[in-house]
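Content type PDB, C-alpha atoms and all ligand atoms, from the file run.pdb:
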ATOM      1  CA  MET A 268    -107.307  26.109  35.283  1.00  0.00           C
ATOM      2  CA  THR A 269    -103.584  25.516  35.466  1.00  0.00           C
ATOM      3  CA  ASP A 270    -101.344  28.009  33.741  1.00  0.00           C
ATOM      4  CA  PHE A 271     -99.115  26.234  31.247  1.00  0.00           C
ATOM      5  CA  SER A 272     -97.659  29.373  29.676  1.00  0.00           C
ATOM      6  CA  SER A 273     -94.112  28.503  30.741  1.00  0.00           C
ATOM      7  CA  GLN A 274     -94.466  25.031  29.209  1.00  0.00           C
ATOM      8  CA  GLN A 275     -95.840  26.622  26.056  1.00  0.00           C
ATOM      9  CA  ARG A 276     -92.836  28.967  25.828  1.00  0.00           C
ATOM     10  CA  GLN A 277     -90.536  26.011  26.467  1.00  0.00           C
ATOM     11  CA  LEU A 278     -92.231  23.939  23.759  1.00  0.00           C
ATOM     12  CA  LEU A 279     -92.172  26.771  21.217  1.00  0.00           C
ATOM     13  CA  ALA A 280     -88.452  27.290  21.873  1.00  0.00           C
ATOM     14  CA  LEU A 281     -87.895  23.548  21.585  1.00  0.00           C
ATOM     15  CA  VAL A 282     -89.745  23.365  18.253  1.00  0.00           C
ATOM     16  CA  ALA A 283     -87.732  26.314  16.882  1.00  0.00           C
ATOM     17  CA  ASP A 284     -84.485  24.711  18.034  1.00  0.00           C
ATOM     18  CA  LEU A 285     -85.392  21.299  16.592  1.00  0.00           C
ATOM     19  CA  GLU A 286     -86.486  22.835  13.291  1.00  0.00           C
ATOM     20  CA  SER A 287     -83.134  24.575  12.832  1.00  0.00           C
ATOM     21  CA  ARG A 288     -81.285  21.359  13.733  1.00  0.00           C
ATOM     22  CA  ARG A 289     -83.457  19.477  11.234  1.00  0.00           C
ATOM     23  CA  GLN A 290     -82.619  22.019   8.537  1.00  0.00           C
ATOM     24  CA  ARG A 291     -78.894  21.671   9.159  1.00  0.00           C
ATOM     25  CA  LEU A 292     -79.208  17.883   8.971  1.00  0.00           C
ATOM     26  CA  ALA A 293     -81.155  18.099   5.710  1.00  0.00           C
ATOM     27  CA  GLN A 294     -78.499  20.430   4.352  1.00  0.00           C
ATOM     28  CA  HIS A 295     -75.852  17.823   5.128  1.00  0.00           C
ATOM     29  CA  GLY A 296     -77.560  15.265   2.867  1.00  0.00           C
ATOM     30  CA  ARG A 297     -77.303  17.596  -0.122  1.00  0.00           C
ATOM     31  CA  ASP A 298     -73.515  17.943   0.023  1.00  0.00           C
ATOM     32  CA  GLY A 299     -73.029  15.419  -2.772  1.00  0.00           C
ATOM     33  CA  VAL A 300     -70.967  12.228  -2.986  1.00  0.00           C
ATOM     34  CA  PRO A 301     -67.175  12.528  -2.789  1.00  0.00           C
ATOM     35  CA  ALA A 302     -65.232  10.958  -5.679  1.00  0.00           C
ATOM     36  CA  ASP A 303     -62.687   9.153  -3.508  1.00  0.00           C
ATOM     37  CA  PHE A 304     -63.738   5.622  -2.434  1.00  0.00           C
ATOM     38  CA  ALA A 305     -62.482   5.900   1.164  1.00  0.00           C
ATOM     39  CA  GLU A 306     -64.218   9.224   1.469  1.00  0.00           C
ATOM     40  CA  GLN A 307     -67.387   7.686   0.059  1.00  0.00           C
ATOM     41  CA  ALA A 308     -67.269   4.989   2.743  1.00  0.00           C
ATOM     42  CA  SER A 309     -66.832   7.497   5.547  1.00  0.00           C
ATOM     43  CA  ALA A 310     -69.488   9.736   4.018  1.00  0.00           C
ATOM     44  CA  ARG A 311     -71.896   6.780   4.030  1.00  0.00           C
ATOM     45  CA  GLU A 312     -71.096   6.088   7.675  1.00  0.00           C
ATOM     46  CA  ASN A 313     -71.597   9.752   8.405  1.00  0.00           C
ATOM     47  CA  ASP A 314     -74.894   9.657   6.507  1.00  0.00           C
ATOM     48  CA  GLU A 315     -76.124   6.881   8.785  1.00  0.00           C
ATOM     49  CA  VAL A 316     -75.316   8.990  11.832  1.00  0.00           C
ATOM     50  CA  VAL A 317     -77.056  11.968  10.251  1.00  0.00           C
ATOM     51  CA  ASP A 318     -80.058   9.782   9.354  1.00  0.00           C
ATOM     52  CA  SER A 319     -80.453   8.498  12.881  1.00  0.00           C
ATOM     53  CA  LEU A 320     -80.033  12.021  14.269  1.00  0.00           C
ATOM     54  CA  ALA A 321     -82.647  13.271  11.823  1.00  0.00           C
ATOM     55  CA  ARG A 322     -85.062  10.530  12.895  1.00  0.00           C
ATOM     56  CA  GLN A 323     -84.472  11.458  16.538  1.00  0.00           C
ATOM     57  CA  VAL A 324     -85.082  15.145  15.802  1.00  0.00           C
ATOM     58  CA  ASP A 325     -88.248  14.259  13.825  1.00  0.00           C
ATOM     59  CA  GLU A 326     -89.506  12.190  16.732  1.00  0.00           C
ATOM     60  CA  GLU A 327     -88.900  14.995  19.248  1.00  0.00           C
ATOM     61  CA  LEU A 328     -90.448  17.524  16.873  1.00  0.00           C
ATOM     62  CA  SER A 329     -93.646  15.518  16.536  1.00  0.00           C
ATOM     63  CA  GLN A 330     -93.829  15.089  20.326  1.00  0.00           C
ATOM     64  CA  ALA A 331     -93.324  18.811  20.904  1.00  0.00           C
ATOM     65  CA  ARG A 332     -95.872  19.731  18.206  1.00  0.00           C
ATOM     66  CA  ALA A 333     -98.382  17.242  19.622  1.00  0.00           C
ATOM     67  CA  ALA A 334     -97.927  18.814  23.058  1.00  0.00           C
ATOM     68  CA  LEU A 335     -98.598  22.277  21.600  1.00  0.00           C
ATOM     69  CA  ALA A 336    -101.719  20.885  19.920  1.00  0.00           C
ATOM     70  CA  ARG A 337    -102.852  19.506  23.288  1.00  0.00           C
ATOM     71  CA  LEU A 338    -102.277  22.958  24.807  1.00  0.00           C
ATOM     72  CA  ASP A 339    -104.553  24.430  22.126  1.00  0.00           C
ATOM     73  CA  ALA A 340    -107.136  21.707  22.651  1.00  0.00           C
ATOM     74  CA  GLY A 341    -107.063  22.136  26.427  1.00  0.00           C
ATOM     75  CA  THR A 342    -106.054  18.520  27.041  1.00  0.00           C
ATOM     76  CA  TYR A 343    -102.459  19.336  27.939  1.00  0.00           C
ATOM     77  CA  GLY A 344    -101.243  18.048  31.292  1.00  0.00           C
ATOM     78  CA  ARG A 345    -103.717  15.171  31.427  1.00  0.00           C
ATOM     79  CA  CYS A 346    -102.443  11.603  31.439  1.00  0.00           C
ATOM     80  CA  ALA A 347    -103.275   9.790  28.188  1.00  0.00           C
ATOM     81  CA  ARG A 348    -103.724   6.520  30.053  1.00  0.00           C
ATOM     82  CA  CYS A 349    -105.449   7.200  33.360  1.00  0.00           C
ATOM     83  CA  GLY A 350    -106.793  10.718  32.718  1.00  0.00           C
ATOM     84  CA  ASP A 351    -105.290  12.133  35.913  1.00  0.00           C
ATOM     85  CA  ASP A 352    -103.374  15.396  35.969  1.00  0.00           C
ATOM     86  CA  ILE A 353     -99.683  14.993  35.236  1.00  0.00           C
ATOM     87  CA  ALA A 354     -97.589  16.392  38.113  1.00  0.00           C
ATOM     88  CA  PRO A 355     -96.422  19.955  37.318  1.00  0.00           C
ATOM     89  CA  ALA A 356     -92.815  19.024  38.178  1.00  0.00           C
ATOM     90  CA  ARG A 357     -92.954  16.307  35.534  1.00  0.00           C
ATOM     91  CA  LEU A 358     -94.269  18.762  32.929  1.00  0.00           C
ATOM     92  CA  VAL A 359     -91.407  21.101  33.747  1.00  0.00           C
ATOM     93  CA  ALA A 360     -88.881  18.291  33.283  1.00  0.00           C
ATOM     94  CA  VAL A 361     -90.642  16.764  30.249  1.00  0.00           C
ATOM     95  CA  PRO A 362     -92.927  19.419  28.697  1.00  0.00           C
ATOM     96  CA  PHE A 363     -94.190  16.941  26.063  1.00  0.00           C
ATOM     97  CA  ALA A 364     -95.027  14.159  28.524  1.00  0.00           C
ATOM     98  CA  THR A 365     -98.263  12.377  27.571  1.00  0.00           C
ATOM     99  CA  MET A 366     -98.544  10.188  30.667  1.00  0.00           C
ATOM    100  CA  CYS A 367     -98.228  10.701  34.402  1.00  0.00           C
ATOM    101  CA  ALA A 368     -95.218   9.280  36.248  1.00  0.00           C
ATOM    102  CA  GLY A 369     -97.298   6.330  37.419  1.00  0.00           C
ATOM    103  CA  CYS A 370     -98.346   5.284  33.891  1.00  0.00           C
ATOM    104  CA  ALA A 371     -95.179   6.095  31.922  1.00  0.00           C
TER     105      ALA A 371
HETATM  106 ZN    ZN A 401    -101.591   8.148  34.387  1.00  0.00          ZN
END
Take the structure in this file and express it as structure tokens.
Ligand SMILES: [Zn+2]
Amino acid sequence: MTDFSSQQRQLLALVADLESRRQRLAQHGRDGVPADFAEQASARENDEVVDSLARQVDEELSQARAALARLDAGTYGRCARCGDDIAPARLVAVPFATMCAGCA
């Protein structure tokens, strides 16, 4: 059986990093609305950036968590489409890859 302990460490570090980023982004949304109209407009623009960042972080978080779940289930490193092993180099580059290079 292939040893995925380095991928597991990488994924756990990634999840911790993403969770702290997510917390900072959530914090941003609670800063309140500025009274000044121009500031409100720029705050709204800023909110959109924060929202899209938050969505991106959420997406990466769910991918990283799903990969950790696959590690637990023993299905990690197997292509979701063709069932072949995903190349180790690909798992190093993309530890939450669900498909082999040929299927992705
Ligand atoms: Zn495949």
* To do: With the file shown as input, list the residues that the PyMOL selection byres (((chain A and resi 358) around 12) and not hetatm) selects, as a ChimeraX atom specification.
  => /A:269-275,277-278,334,343-346,352-357,359-368
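Using all atoms listed in the file, the residues found no farther than 8 Å from A:Arg332, other than those of its own chain fewer than 4 positions away, are Leu278, Val282, Leu328 and Ala336 of chain A.
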* Asked: Pick the closest to A:Leu320 from A:Ala283, A:Gly350, A:Gln290, A:Ala371: which is it, counting all atoms listed in the file?
  ->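 Looking at the shortest contact to A:Leu320, the residue is A:Gln290.
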* Go through A:Asp351, A:Asp339, A:Asp314, A:Glu327 one by one, measure the shortest atom-to-atom distance of each to A:Leu292 using only C-alpha atoms, and give the residue with the smallest value. =>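 Counting only C-alpha atoms, the residue closest to A:Leu292 is A:Asp314.
When atom CA of A:Arg288 is paired with atom CA of A:Val317, their separation reads 10.9 Å.
Distance annotation: of A:Ala333, A:Ser319, A:Arg291, A:Ala340, the residue with the minimal separation from A:Leu279 is A:Ala333; atom set is only C-alpha atoms.
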* Hey, which of A:Leu335, A:Ala347, A:Asp303, A:Ser287 ends up closest to A:Ala321? Count all atoms listed in the file. ->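 Answer, going by the shortest atom-to-atom distance: A:Ser287.
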* Asked: Please, what distance in Å, to one decimal, runs between atom CA of A:Ala280 and atom CA of A:Arg322?
  ->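 Going from atom CA of A:Ala280 over to atom CA of A:Arg322, I get 19.3 Å.
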* Among the residues A:Ala310, A:Cys349, A:Val316, A:Ala293, the one that comes closest to ligand ZN 401 (chain A) [using all atoms listed in the file] ->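 Ranking A:Ala310, A:Cys349, A:Val316, A:Ala293 by distance to ligand ZN 401 (chain A), first place goes to A:Cys349.
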I'd like the box whose edges run along x, y and z of the file and which contains every listed atom of stretch 307-310 of chain A, padded by 5 Å per side; could you state its centre and edge lengths in Å, one decimal, as JSON?
{"center_x": -68.2, "center_y": 7.4, "center_z": 2.8, "size_x": 12.7, "size_y": 14.7, "size_z": 15.5}
* In Å to one decimal, how far is atom CA of A:Glu286 from atom CA of A:Asp325? -> 8.8 Å
* Nearest-residue call for A:Arg311, choices A:Arg289, A:Arg337, A:Arg348, A:His295, using only C-alpha atoms ->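 When distances to A:Arg311 are compared using only C-alpha atoms, the smallest one comes from A:His295.
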